[in-house]
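Reproduced below: work-v4.cif, with mmCIF, C-alpha atoms and all ligand atoms.
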data_model
#
loop_
_atom_site.group_PDB
_atom_site.id
_atom_site.type_symbol
_atom_site.label_atom_id
_atom_site.label_comp_id
_atom_site.auth_asym_id
_atom_site.auth_seq_id
_atom_site.Cartn_x
_atom_site.Cartn_y
_atom_site.Cartn_z
ATOM 1 C CA MET H 7 13.432 -21.565 17.852
ATOM 2 C CA GLY H 8 15.667 -18.869 19.258
ATOM 3 C CA LEU H 9 19.198 -17.721 19.599
ATOM 4 C CA SER H 10 21.770 -18.391 22.197
ATOM 5 C CA SER H 11 24.818 -16.362 23.046
ATOM 6 C CA ALA H 12 23.816 -13.465 20.828
ATOM 7 C CA PRO H 13 26.033 -10.496 21.651
ATOM 8 C CA ASN H 14 24.504 -7.240 22.804
ATOM 9 C CA SER H 15 27.335 -5.009 21.724
ATOM 10 C CA PHE H 16 29.565 -4.943 18.672
ATOM 11 C CA ASP H 17 31.790 -2.135 19.882
ATOM 12 C CA SER H 18 34.803 -4.251 20.665
ATOM 13 C CA LEU H 19 34.725 -6.368 17.515
ATOM 14 C CA ASP H 20 37.308 -6.112 14.754
ATOM 15 C CA ASP H 21 36.978 -6.756 11.009
ATOM 16 C CA LYS H 22 36.476 -10.486 11.432
ATOM 17 C CA TRP H 23 33.964 -9.986 14.205
ATOM 18 C CA TYR H 24 31.326 -12.120 12.565
ATOM 19 C CA ILE H 25 33.504 -15.239 12.461
ATOM 20 C CA ARG H 26 34.222 -15.204 16.167
ATOM 21 C CA LEU H 27 30.672 -14.734 17.321
ATOM 22 C CA ASN H 28 29.505 -17.574 19.435
ATOM 23 C CA TYR H 29 26.145 -17.266 17.790
ATOM 24 C CA ARG H 30 24.101 -20.376 17.334
ATOM 25 C CA TYR H 31 20.602 -21.127 16.197
ATOM 26 C CA GLU H 32 18.412 -23.524 18.098
ATOM 27 C CA ARG H 33 16.409 -24.783 15.182
ATOM 28 C CA ASN H 34 14.964 -28.002 13.917
ATOM 29 C CA GLU H 35 16.388 -27.411 10.461
ATOM 30 C CA PRO H 36 19.642 -25.885 9.243
ATOM 31 C CA ALA H 37 19.479 -22.081 9.100
ATOM 32 C CA VAL H 38 21.193 -22.108 5.720
ATOM 33 C CA LYS H 39 19.434 -24.744 3.694
ATOM 34 C CA ALA H 40 21.073 -26.851 1.006
ATOM 35 C CA ARG H 41 18.417 -25.930 -1.526
ATOM 36 C CA PRO H 42 17.407 -22.295 -1.972
ATOM 37 C CA LEU H 43 13.820 -21.510 -1.097
ATOM 38 C CA ILE H 44 11.163 -20.543 -3.595
ATOM 39 C CA ILE H 45 9.141 -17.740 -2.009
ATOM 40 C CA ALA H 46 6.056 -16.778 -3.994
ATOM 41 C CA HIS H 47 5.899 -13.007 -3.699
ATOM 42 C CA ARG H 48 2.297 -11.953 -2.946
ATOM 43 C CA GLY H 49 1.506 -15.495 -4.121
ATOM 44 C CA ALA H 50 2.138 -16.415 -7.741
ATOM 45 C CA SER H 51 1.470 -12.770 -8.519
ATOM 46 C CA GLY H 52 2.898 -12.928 -12.037
ATOM 47 C CA HIS H 53 0.013 -15.229 -12.952
ATOM 48 C CA ALA H 54 -2.916 -14.107 -10.785
ATOM 49 C CA PRO H 55 -3.927 -10.969 -8.868
ATOM 50 C CA GLU H 56 -1.482 -10.408 -5.999
ATOM 51 C CA ASN H 57 -2.386 -11.360 -2.435
ATOM 52 C CA THR H 58 -5.526 -13.257 -3.442
ATOM 53 C CA MET H 59 -6.479 -16.835 -2.711
ATOM 54 C CA ALA H 60 -6.073 -17.556 -6.436
ATOM 55 C CA ALA H 61 -2.455 -16.389 -6.305
ATOM 56 C CA PHE H 62 -1.765 -18.450 -3.180
ATOM 57 C CA ARG H 63 -3.363 -21.585 -4.650
ATOM 58 C CA LEU H 64 -1.284 -21.228 -7.799
ATOM 59 C CA ALA H 65 1.887 -20.824 -5.730
ATOM 60 C CA VAL H 66 1.222 -24.180 -4.087
ATOM 61 C CA GLU H 67 0.557 -25.804 -7.467
ATOM 62 C CA MET H 68 3.787 -24.319 -8.852
ATOM 63 C CA GLY H 69 5.952 -25.845 -6.152
ATOM 64 C CA ALA H 70 6.737 -22.821 -3.982
ATOM 65 C CA ASP H 71 8.151 -23.485 -0.508
ATOM 66 C CA TRP H 72 6.616 -20.348 0.970
ATOM 67 C CA ILE H 73 3.993 -17.786 0.074
ATOM 68 C CA GLU H 74 4.746 -14.188 0.987
ATOM 69 C CA LEU H 75 1.906 -11.801 1.824
ATOM 70 C CA ASP H 76 1.378 -8.342 3.315
ATOM 71 C CA ILE H 77 -0.916 -7.465 6.199
ATOM 72 C CA HIS H 78 -2.791 -4.394 7.395
ATOM 73 C CA GLN H 79 -5.411 -3.882 10.113
ATOM 74 C CA THR H 80 -9.009 -2.780 9.547
ATOM 75 C CA ALA H 81 -10.926 -0.227 11.623
ATOM 76 C CA ASP H 82 -12.581 -3.075 13.493
ATOM 77 C CA GLY H 83 -9.344 -4.896 14.222
ATOM 78 C CA HIS H 84 -9.145 -7.607 11.529
ATOM 79 C CA LEU H 85 -5.895 -8.542 9.814
ATOM 80 C CA VAL H 86 -6.313 -8.316 6.059
ATOM 81 C CA VAL H 87 -4.008 -9.340 3.250
ATOM 82 C CA LEU H 88 -3.099 -6.716 0.675
ATOM 83 C CA HIS H 89 -0.015 -4.771 -0.236
ATOM 84 C CA ASP H 90 -0.951 -1.096 -0.351
ATOM 85 C CA PHE H 91 -2.306 1.136 2.411
ATOM 86 C CA THR H 92 -5.458 1.724 0.343
ATOM 87 C CA LEU H 93 -7.450 -0.200 -2.285
ATOM 88 C CA GLU H 94 -6.871 2.471 -4.912
ATOM 89 C CA ARG H 95 -4.569 0.487 -7.204
ATOM 90 C CA THR H 96 -6.496 -2.801 -7.079
ATOM 91 C CA ALA H 97 -10.103 -1.662 -6.551
ATOM 92 C CA GLY H 98 -10.246 2.117 -7.039
ATOM 93 C CA ASP H 99 -10.925 3.234 -3.446
ATOM 94 C CA ARG H 100 -8.657 5.817 -1.833
ATOM 95 C CA ARG H 101 -9.672 5.478 1.811
ATOM 96 C CA PRO H 102 -6.972 4.157 4.155
ATOM 97 C CA ILE H 103 -7.439 0.542 5.230
ATOM 98 C CA GLN H 104 -7.475 1.504 8.925
ATOM 99 C CA THR H 105 -10.641 3.570 8.331
ATOM 100 C CA LEU H 106 -12.592 0.689 6.757
ATOM 101 C CA THR H 107 -14.309 -2.250 8.436
ATOM 102 C CA LEU H 108 -13.755 -5.804 7.255
ATOM 103 C CA LYS H 109 -17.323 -5.845 5.926
ATOM 104 C CA GLN H 110 -16.594 -2.761 3.815
ATOM 105 C CA ILE H 111 -13.310 -4.164 2.529
ATOM 106 C CA LYS H 112 -14.849 -7.513 1.610
ATOM 107 C CA LYS H 113 -17.217 -5.719 -0.807
ATOM 108 C CA PHE H 114 -14.388 -4.733 -3.132
ATOM 109 C CA ASP H 115 -13.429 -6.814 -6.138
ATOM 110 C CA VAL H 116 -9.633 -7.141 -6.226
ATOM 111 C CA GLY H 117 -9.465 -9.527 -9.171
ATOM 112 C CA LEU H 118 -11.013 -7.534 -11.977
ATOM 113 C CA TRP H 119 -8.150 -5.008 -12.272
ATOM 114 C CA TRP H 120 -5.924 -7.940 -13.188
ATOM 115 C CA ASP H 121 -8.204 -9.867 -15.542
ATOM 116 C CA LYS H 122 -11.908 -10.503 -15.881
ATOM 117 C CA ALA H 123 -11.194 -14.191 -15.288
ATOM 118 C CA TYR H 124 -10.592 -13.201 -11.657
ATOM 119 C CA ARG H 125 -13.780 -11.189 -11.247
ATOM 120 C CA GLY H 126 -15.133 -11.547 -7.732
ATOM 121 C CA ALA H 127 -11.806 -12.088 -5.930
ATOM 122 C CA ARG H 128 -11.933 -10.607 -2.420
ATOM 123 C CA VAL H 129 -9.296 -9.329 -0.013
ATOM 124 C CA PRO H 130 -8.485 -12.367 2.144
ATOM 125 C CA THR H 131 -8.076 -12.152 5.892
ATOM 126 C CA LEU H 132 -4.965 -13.636 7.434
ATOM 127 C CA ASP H 133 -7.297 -16.247 8.930
ATOM 128 C CA ASP H 134 -8.465 -17.211 5.418
ATOM 129 C CA VAL H 135 -4.887 -17.693 4.233
ATOM 130 C CA LEU H 136 -3.646 -19.604 7.271
ATOM 131 C CA THR H 137 -6.657 -21.928 7.075
ATOM 132 C CA PHE H 138 -5.774 -22.620 3.444
ATOM 133 C CA ALA H 139 -2.014 -22.913 3.995
ATOM 134 C CA ARG H 140 -2.085 -25.419 6.821
ATOM 135 C CA ASN H 141 -0.333 -28.633 5.691
ATOM 136 C CA ARG H 142 0.155 -27.104 2.241
ATOM 137 C CA ILE H 143 2.743 -24.347 2.382
ATOM 138 C CA ARG H 144 4.662 -22.048 4.718
ATOM 139 C CA VAL H 145 3.649 -18.429 5.080
ATOM 140 C CA GLN H 146 5.930 -15.412 5.204
ATOM 141 C CA ILE H 147 3.870 -12.557 6.671
ATOM 142 C CA GLU H 148 5.074 -9.014 6.031
ATOM 143 C CA LEU H 149 3.853 -6.595 8.678
ATOM 144 C CA LYS H 150 3.430 -3.401 6.679
ATOM 145 C CA ARG H 151 3.218 -1.233 9.780
ATOM 146 C CA GLY H 152 3.183 -1.886 13.482
ATOM 147 C CA SER H 153 1.224 -0.200 16.266
ATOM 148 C CA SER H 154 2.437 3.204 15.071
ATOM 149 C CA LEU H 155 -0.388 3.003 12.525
ATOM 150 C CA TYR H 156 -2.356 -0.074 13.530
ATOM 151 C CA PRO H 157 -2.825 -0.164 17.330
ATOM 152 C CA GLY H 158 -2.370 -3.624 18.792
ATOM 153 C CA ILE H 159 -1.543 -5.309 15.483
ATOM 154 C CA GLU H 160 1.442 -7.195 16.909
ATOM 155 C CA VAL H 161 -0.670 -8.766 19.669
ATOM 156 C CA ARG H 162 -3.389 -9.684 17.153
ATOM 157 C CA LEU H 163 -0.830 -11.203 14.832
ATOM 158 C CA ILE H 164 0.647 -13.408 17.535
ATOM 159 C CA GLU H 165 -2.840 -14.377 18.674
ATOM 160 C CA THR H 166 -3.757 -15.353 15.094
ATOM 161 C CA ILE H 167 -0.605 -17.414 14.547
ATOM 162 C CA THR H 168 -1.118 -19.145 17.895
ATOM 163 C CA ARG H 169 -4.797 -19.842 17.228
ATOM 164 C CA HIS H 170 -3.864 -21.558 13.953
ATOM 165 C CA GLU H 171 -0.999 -23.424 15.663
ATOM 166 C CA ALA H 172 1.100 -21.992 12.871
ATOM 167 C CA GLU H 173 4.252 -21.125 14.817
ATOM 168 C CA ARG H 174 6.355 -23.670 12.944
ATOM 169 C CA TRP H 175 5.219 -22.842 9.438
ATOM 170 C CA THR H 176 4.961 -19.064 9.544
ATOM 171 C CA ALA H 177 7.449 -16.227 9.901
ATOM 172 C CA VAL H 178 6.921 -12.481 10.226
ATOM 173 C CA SER H 179 9.055 -9.866 8.517
ATOM 174 C CA SER H 180 8.959 -6.089 8.447
ATOM 175 C CA PHE H 181 10.902 -3.022 7.428
ATOM 176 C CA GLU H 182 9.558 -1.378 10.571
ATOM 177 C CA ILE H 183 12.036 -2.052 13.339
ATOM 178 C CA GLU H 184 9.632 -0.944 16.076
ATOM 179 C CA GLY H 185 7.120 -3.546 14.934
ATOM 180 C CA LEU H 186 9.769 -6.276 14.979
ATOM 181 C CA LYS H 187 10.979 -5.141 18.401
ATOM 182 C CA THR H 188 7.454 -5.340 19.769
ATOM 183 C CA LEU H 189 6.971 -8.817 18.346
ATOM 184 C CA ARG H 190 10.283 -10.012 19.786
ATOM 185 C CA ARG H 191 9.408 -8.520 23.175
ATOM 186 C CA LEU H 192 6.044 -10.272 23.149
ATOM 187 C CA ASP H 193 7.411 -13.592 21.931
ATOM 188 C CA ASP H 194 11.032 -14.594 22.283
ATOM 189 C CA LYS H 195 10.579 -17.721 20.164
ATOM 190 C CA MET H 196 8.665 -16.593 17.091
ATOM 191 C CA SER H 197 10.350 -16.686 13.721
ATOM 192 C CA LEU H 198 11.180 -13.185 12.487
ATOM 193 C CA GLY H 199 12.760 -11.861 9.320
ATOM 194 C CA LEU H 200 14.560 -8.542 9.027
ATOM 195 C CA LEU H 201 13.572 -6.639 5.897
ATOM 196 C CA THR H 202 16.318 -4.122 5.420
ATOM 197 C CA ARG H 203 17.240 -1.185 3.230
ATOM 198 C CA LYS H 204 20.661 -0.939 4.810
ATOM 199 C CA THR H 205 23.624 -1.755 2.611
ATOM 200 C CA ARG H 206 26.522 -2.068 5.049
ATOM 201 C CA PRO H 207 26.737 -5.740 6.068
ATOM 202 C CA ARG H 208 27.919 -4.916 9.559
ATOM 203 C CA GLU H 209 24.908 -2.666 10.198
ATOM 204 C CA VAL H 210 22.521 -5.267 8.796
ATOM 205 C CA LEU H 211 24.024 -7.998 10.972
ATOM 206 C CA GLU H 212 23.982 -5.822 14.077
ATOM 207 C CA GLU H 213 20.279 -5.197 13.614
ATOM 208 C CA ALA H 214 19.575 -8.853 12.824
ATOM 209 C CA VAL H 215 21.407 -10.027 15.932
ATOM 210 C CA SER H 216 19.819 -7.512 18.262
ATOM 211 C CA LEU H 217 16.339 -8.497 17.050
ATOM 212 C CA LYS H 218 17.234 -12.189 17.139
ATOM 213 C CA VAL H 219 15.744 -12.726 13.675
ATOM 214 C CA GLN H 220 15.901 -16.021 11.799
ATOM 215 C CA SER H 221 16.528 -14.534 8.332
ATOM 216 C CA ILE H 222 17.535 -11.400 6.454
ATOM 217 C CA HIS H 223 15.458 -10.175 3.522
ATOM 218 C CA ILE H 224 17.012 -7.708 1.139
ATOM 219 C CA SER H 225 16.492 -6.234 -2.301
ATOM 220 C CA THR H 226 18.730 -7.642 -5.026
ATOM 221 C CA ARG H 227 19.931 -4.051 -5.506
ATOM 222 C CA ARG H 228 21.542 -4.193 -2.060
ATOM 223 C CA LEU H 229 22.587 -7.834 -1.976
ATOM 224 C CA SER H 230 26.338 -8.381 -1.821
ATOM 225 C CA LYS H 231 28.705 -11.293 -1.537
ATOM 226 C CA THR H 232 30.085 -9.741 1.656
ATOM 227 C CA LEU H 233 26.681 -9.681 3.292
ATOM 228 C CA LEU H 234 26.059 -13.288 2.291
ATOM 229 C CA THR H 235 29.403 -14.427 3.668
ATOM 230 C CA GLN H 236 28.993 -12.616 6.958
ATOM 231 C CA ALA H 237 25.367 -13.649 7.434
ATOM 232 C CA HIS H 238 26.227 -17.284 6.708
ATOM 233 C CA SER H 239 29.063 -17.125 9.202
ATOM 234 C CA VAL H 240 26.538 -16.535 11.942
ATOM 235 C CA GLY H 241 24.060 -19.030 10.522
ATOM 236 C CA LEU H 242 21.627 -16.532 9.068
ATOM 237 C CA PRO H 243 20.030 -17.208 5.685
ATOM 238 C CA VAL H 244 19.561 -14.304 3.264
ATOM 239 C CA TYR H 245 16.549 -14.098 0.975
ATOM 240 C CA ALA H 246 16.526 -11.650 -1.936
ATOM 241 C CA TYR H 247 13.582 -9.923 -3.588
ATOM 242 C CA THR H 248 12.071 -9.692 -6.180
ATOM 243 C CA VAL H 249 13.559 -11.813 -8.955
ATOM 244 C CA ASN H 250 11.449 -12.678 -11.971
ATOM 245 C CA ARG H 251 13.870 -13.271 -14.863
ATOM 246 C CA PRO H 252 15.504 -16.722 -15.002
ATOM 247 C CA SER H 253 18.897 -15.214 -15.903
ATOM 248 C CA LEU H 254 18.752 -13.108 -12.730
ATOM 249 C CA MET H 255 17.518 -16.044 -10.683
ATOM 250 C CA SER H 256 20.636 -17.941 -11.765
ATOM 251 C CA ARG H 257 22.831 -14.979 -10.932
ATOM 252 C CA TYR H 258 21.595 -14.560 -7.365
ATOM 253 C CA LEU H 259 21.524 -18.279 -6.660
ATOM 254 C CA THR H 260 25.102 -18.557 -7.887
ATOM 255 C CA MET H 261 26.014 -15.626 -5.654
ATOM 256 C CA GLY H 262 24.743 -17.657 -2.714
ATOM 257 C CA ALA H 263 21.252 -16.383 -1.875
ATOM 258 C CA ASP H 264 19.354 -18.849 0.309
ATOM 259 C CA GLY H 265 16.018 -18.059 -1.246
ATOM 260 C CA LEU H 266 14.391 -15.779 -3.777
ATOM 261 C CA PHE H 267 11.111 -13.935 -3.656
ATOM 262 C CA THR H 268 9.538 -14.191 -7.085
ATOM 263 C CA ASN H 269 6.219 -13.476 -8.755
ATOM 264 C CA TYR H 270 6.919 -16.576 -10.897
ATOM 265 C CA PRO H 271 7.554 -19.556 -8.616
ATOM 266 C CA ASP H 272 7.116 -21.853 -11.633
ATOM 267 C CA ARG H 273 10.159 -20.317 -13.335
ATOM 268 C CA LEU H 274 12.334 -20.727 -10.264
ATOM 269 C CA HIS H 275 11.086 -24.259 -9.704
ATOM 270 C CA HIS H 276 11.866 -25.137 -13.321
ATOM 271 C CA LEU H 277 15.328 -23.571 -13.134
ATOM 272 C CA MET H 278 16.259 -25.365 -9.918
ATOM 273 C CA ASN H 279 15.067 -28.710 -11.254
ATOM 274 C CA ARG H 280 17.211 -28.260 -14.335
ATOM 275 C CA HIS H 281 20.259 -27.339 -12.276
ATOM 276 C CA PRO H 282 19.877 -29.190 -8.973
ATOM 277 C CA SER H 283 22.471 -28.154 -6.396
HETATM 278 O O1 LIG D 1 9.252 -9.282 1.453
HETATM 279 C C1 LIG D 1 9.902 -8.766 0.346
HETATM 280 C C2 LIG D 1 9.041 -7.813 -0.415
HETATM 281 O O2 LIG D 1 7.714 -8.242 -0.364
HETATM 282 C C3 LIG D 1 9.116 -6.406 0.106
HETATM 283 O O3 LIG D 1 8.610 -5.485 -0.807
HETATM 284 O O4 LIG D 1 6.944 -3.853 -1.568
HETATM 285 O O5 LIG D 1 6.812 -6.176 -2.393
HETATM 286 O O6 LIG D 1 6.205 -5.663 -0.050
HETATM 287 P P1 LIG D 1 7.074 -5.303 -1.202
HETATM 288 CA CA CA D 2 5.771 -7.761 0.816
#

Would it be possible to restate this file's structure as structure tokens?
Amino acid sequence: MGLSSAPNSFDSLDDKWYIRLNYRYERNEPAVKARPLIIAHRGASGHAPENTMAAFRLAVEMGADWIELDIHQTADGHLVVLHDFTLERTAGDRRPIQTLTLKQIKKFDVGLWWDKAYRGARVPTLDDVLTFARNRIRVQIELKRGSSLYPGIEVRLIETITRHEAERWTAVSSFEIEGLKTLRRLDDKMSLGLLTRKTRPREVLEEAVSLKVQSIHISTRRLSKTLLTQAHSVGLPVYAYTVNRPSLMSRYLTMGADGLFTNYPDRLHHLMNRHPS
């Protein structure tokens, strides 16, 4: 995958700049898919403790297209899957992840806070999840912080994806532009997603183009019809997070979102089967 003819400067472009871009994706599948994607946010995290193997297994069973997960790096250089920068919320430990070894992290129970039925759940490594996901589901990996906090994490991430031969069924997203830039510099072909807090479509598209990402990920609070139109004009799909109520799922799908992050992939699956596009 990759982009061709992506412009480097937007300075000379007028209001309809996005329509005239000679901006084309070299992909094996259409950038904007006919059917919106079901992206299980932290796994099926409305039903099982987030970012655990139980949540990822359920997401597969519930018909998700992708699982989304978050990664951090341990003191001894392992990529681990959890959302926060500490285990305080899910296991009661306040030490930063980058100060703990994998062995230390694996001792914590991250299922019990959710329900005693999940007692014994452990923080998975990215290796654990990719081993499970192979031939089952695609994996959207959110890099919570790049080398600014976790030295060498981008290189380790690429090495992990390559080792699992997962280039075609994984993508990496981040709010941290430096992390995305590093990944793009290291690998011109890898699939990247821009997580953005920007609201102006032009600014979002400028960033997306300069990073040569394959998708834009944005909160429903910032999603707009204008952004969707402009992104689609250059072949970029837009995925919105996090949508859990069926009425809102319908709203954002009708608006034109290409995929929704949800803690309830079963609800989205059910809704899309009732109203096939
Ligand atoms: O990737 C979308 C979403 O996961 C970003 O927010 O806080 O749930 O990681 P957060
Ligand atoms: Ca995330």

Reference answer for the PyMOL selection byres (((chain H and resi 72) around 7) and not hetatm), as a list in words: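 Written out, the selection comes to Ile44, Ile45, Ala46, Ala70, Asp71, Ile73, Glu74, Ile143, Arg144, Val145 and Gln146 of chain H.
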
Edge lengths and centre in Å to one decimal, as JSON, is what I'm after for the box along x, y and z that holds all listed atoms of range 116-127 of chain H once 8 Å is added on each side.
{"center_x": -10.5, "center_y": -9.6, "center_z": -10.9, "size_x": 25.2, "size_y": 25.2, "size_z": 26.0}

Which of H:His84, H:Arg95, H:Arg203, H:His170 sits closest to ligand LIG 1 (chain D) [using only C-alpha atoms and all ligand atoms]: H:Arg203

Residues returned when the PyMOL selection byres (((not hetatm)) within 6 of (chain D and resi 2)) runs on this file, as a list in words: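 Expected selection for the PyMOL selection byres (((not hetatm)) within 6 of (chain D and resi 2)) here is Leu75, Asp76 and Glu148 of chain H.
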
Which residue of H:Leu217, H:Val66, H:Val178, H:Ala237 approaches ligand LIG 1 (chain D) most closely, using only C-alpha atoms and all ligand atoms: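 Selected residue with least distance to ligand LIG 1 (chain D): H:Val178.
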
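Take the candidates H:Leu242, H:Ile147, H:Ala54, H:Leu132 and check each one against ligand LIG 1 (chain D) using only C-alpha atoms and all ligand atoms; the shortest distance goes to H:Ile147.
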
Atom pair CA of Tyr124 in chain H / CA of Arg100 in chain H: separation (Å):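 Those two atoms sit 21.5 Å apart.
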
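The shortest atom-to-atom distance to ligand LIG 1 (chain D), with only C-alpha atoms and all ligand atoms taken into account, belongs to H:Arg151 out of H:Arg257, H:Arg101, H:Lys187, H:Arg151.
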
Expected selection as a PDB file with C-alpha atoms, in the coordinates of the input for ligand LIG 1 (chain D) within 12 Å, only C-alpha atoms and all ligand atoms:
ATOM      1  CA  ILE H  45       9.141 -17.740  -2.009  1.00  0.00           C
ATOM      2  CA  ALA H  46       6.056 -16.778  -3.994  1.00  0.00           C
ATOM      3  CA  HIS H  47       5.899 -13.007  -3.699  1.00  0.00           C
ATOM      4  CA  ARG H  48       2.297 -11.953  -2.946  1.00  0.00           C
ATOM      5  CA  GLY H  49       1.506 -15.495  -4.121  1.00  0.00           C
ATOM      6  CA  SER H  51       1.470 -12.770  -8.519  1.00  0.00           C
ATOM      7  CA  GLU H  56      -1.482 -10.408  -5.999  1.00  0.00           C
ATOM      8  CA  ASN H  57      -2.386 -11.360  -2.435  1.00  0.00           C
ATOM      9  CA  TRP H  72       6.616 -20.348   0.970  1.00  0.00           C
ATOM     10  CA  ILE H  73       3.993 -17.786   0.074  1.00  0.00           C
ATOM     11  CA  GLU H  74       4.746 -14.188   0.987  1.00  0.00           C
ATOM     12  CA  LEU H  75       1.906 -11.801   1.824  1.00  0.00           C
ATOM     13  CA  ASP H  76       1.378  -8.342   3.315  1.00  0.00           C
ATOM     14  CA  ILE H  77      -0.916  -7.465   6.199  1.00  0.00           C
ATOM     15  CA  HIS H  78      -2.791  -4.394   7.395  1.00  0.00           C
ATOM     16  CA  VAL H  87      -4.008  -9.340   3.250  1.00  0.00           C
ATOM     17  CA  LEU H  88      -3.099  -6.716   0.675  1.00  0.00           C
ATOM     18  CA  HIS H  89      -0.015  -4.771  -0.236  1.00  0.00           C
ATOM     19  CA  ASP H  90      -0.951  -1.096  -0.351  1.00  0.00           C
ATOM     20  CA  PHE H  91      -2.306   1.136   2.411  1.00  0.00           C
ATOM     21  CA  VAL H 145       3.649 -18.429   5.080  1.00  0.00           C
ATOM     22  CA  GLN H 146       5.930 -15.412   5.204  1.00  0.00           C
ATOM     23  CA  ILE H 147       3.870 -12.557   6.671  1.00  0.00           C
ATOM     24  CA  GLU H 148       5.074  -9.014   6.031  1.00  0.00           C
ATOM     25  CA  LEU H 149       3.853  -6.595   8.678  1.00  0.00           C
ATOM     26  CA  LYS H 150       3.430  -3.401   6.679  1.00  0.00           C
ATOM     27  CA  ARG H 151       3.218  -1.233   9.780  1.00  0.00           C
ATOM     28  CA  ALA H 177       7.449 -16.227   9.901  1.00  0.00           C
ATOM     29  CA  VAL H 178       6.921 -12.481  10.226  1.00  0.00           C
ATOM     30  CA  SER H 179       9.055  -9.866   8.517  1.00  0.00           C
ATOM     31  CA  SER H 180       8.959  -6.089   8.447  1.00  0.00           C
ATOM     32  CA  PHE H 181      10.902  -3.022   7.428  1.00  0.00           C
ATOM     33  CA  GLU H 182       9.558  -1.378  10.571  1.00  0.00           C
ATOM     34  CA  LEU H 198      11.180 -13.185  12.487  1.00  0.00           C
ATOM     35  CA  GLY H 199      12.760 -11.861   9.320  1.00  0.00           C
ATOM     36  CA  LEU H 200      14.560  -8.542   9.027  1.00  0.00           C
ATOM     37  CA  LEU H 201      13.572  -6.639   5.897  1.00  0.00           C
ATOM     38  CA  THR H 202      16.318  -4.122   5.420  1.00  0.00           C
ATOM     39  CA  ARG H 203      17.240  -1.185   3.230  1.00  0.00           C
ATOM     40  CA  SER H 221      16.528 -14.534   8.332  1.00  0.00           C
ATOM     41  CA  ILE H 222      17.535 -11.400   6.454  1.00  0.00           C
ATOM     42  CA  HIS H 223      15.458 -10.175   3.522  1.00  0.00           C
ATOM     43  CA  ILE H 224      17.012  -7.708   1.139  1.00  0.00           C
ATOM     44  CA  SER H 225      16.492  -6.234  -2.301  1.00  0.00           C
ATOM     45  CA  THR H 226      18.730  -7.642  -5.026  1.00  0.00           C
ATOM     46  CA  VAL H 244      19.561 -14.304   3.264  1.00  0.00           C
ATOM     47  CA  TYR H 245      16.549 -14.098   0.975  1.00  0.00           C
ATOM     48  CA  ALA H 246      16.526 -11.650  -1.936  1.00  0.00           C
ATOM     49  CA  TYR H 247      13.582  -9.923  -3.588  1.00  0.00           C
ATOM     50  CA  THR H 248      12.071  -9.692  -6.180  1.00  0.00           C
ATOM     51  CA  VAL H 249      13.559 -11.813  -8.955  1.00  0.00           C
ATOM     52  CA  GLY H 265      16.018 -18.059  -1.246  1.00  0.00           C
ATOM     53  CA  LEU H 266      14.391 -15.779  -3.777  1.00  0.00           C
ATOM     54  CA  PHE H 267      11.111 -13.935  -3.656  1.00  0.00           C
ATOM     55  CA  THR H 268       9.538 -14.191  -7.085  1.00  0.00           C
ATOM     56  CA  ASN H 269       6.219 -13.476  -8.755  1.00  0.00           C
TER      57      ASN H 269
END

Straight-line distance linking CA of Gly126 in chain H with CA of Phe114 in chain H, stated in Å to one decimal: 8.3 Å

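For the file at hand, the PyMOL selection byres (((chain H and resi 272) around 10) and not hetatm) resolves to Ile44, Ala46, Ala50, Gly52, His53, Leu64, Ala65, Val66, Glu67, Met68, Gly69, Ala70, Thr268, Asn269, Tyr270, Pro271, Arg273, Leu274, His275, His276, Leu277 and Met278 of chain H.
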
Given only C-alpha atoms as the counted atoms, nearest of H:Val116, H:Leu85, H:Pro130, H:Arg228 to Ile159 in chain H: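 The shortest atom-to-atom distance to Ile159 in chain H comes from H:Leu85.
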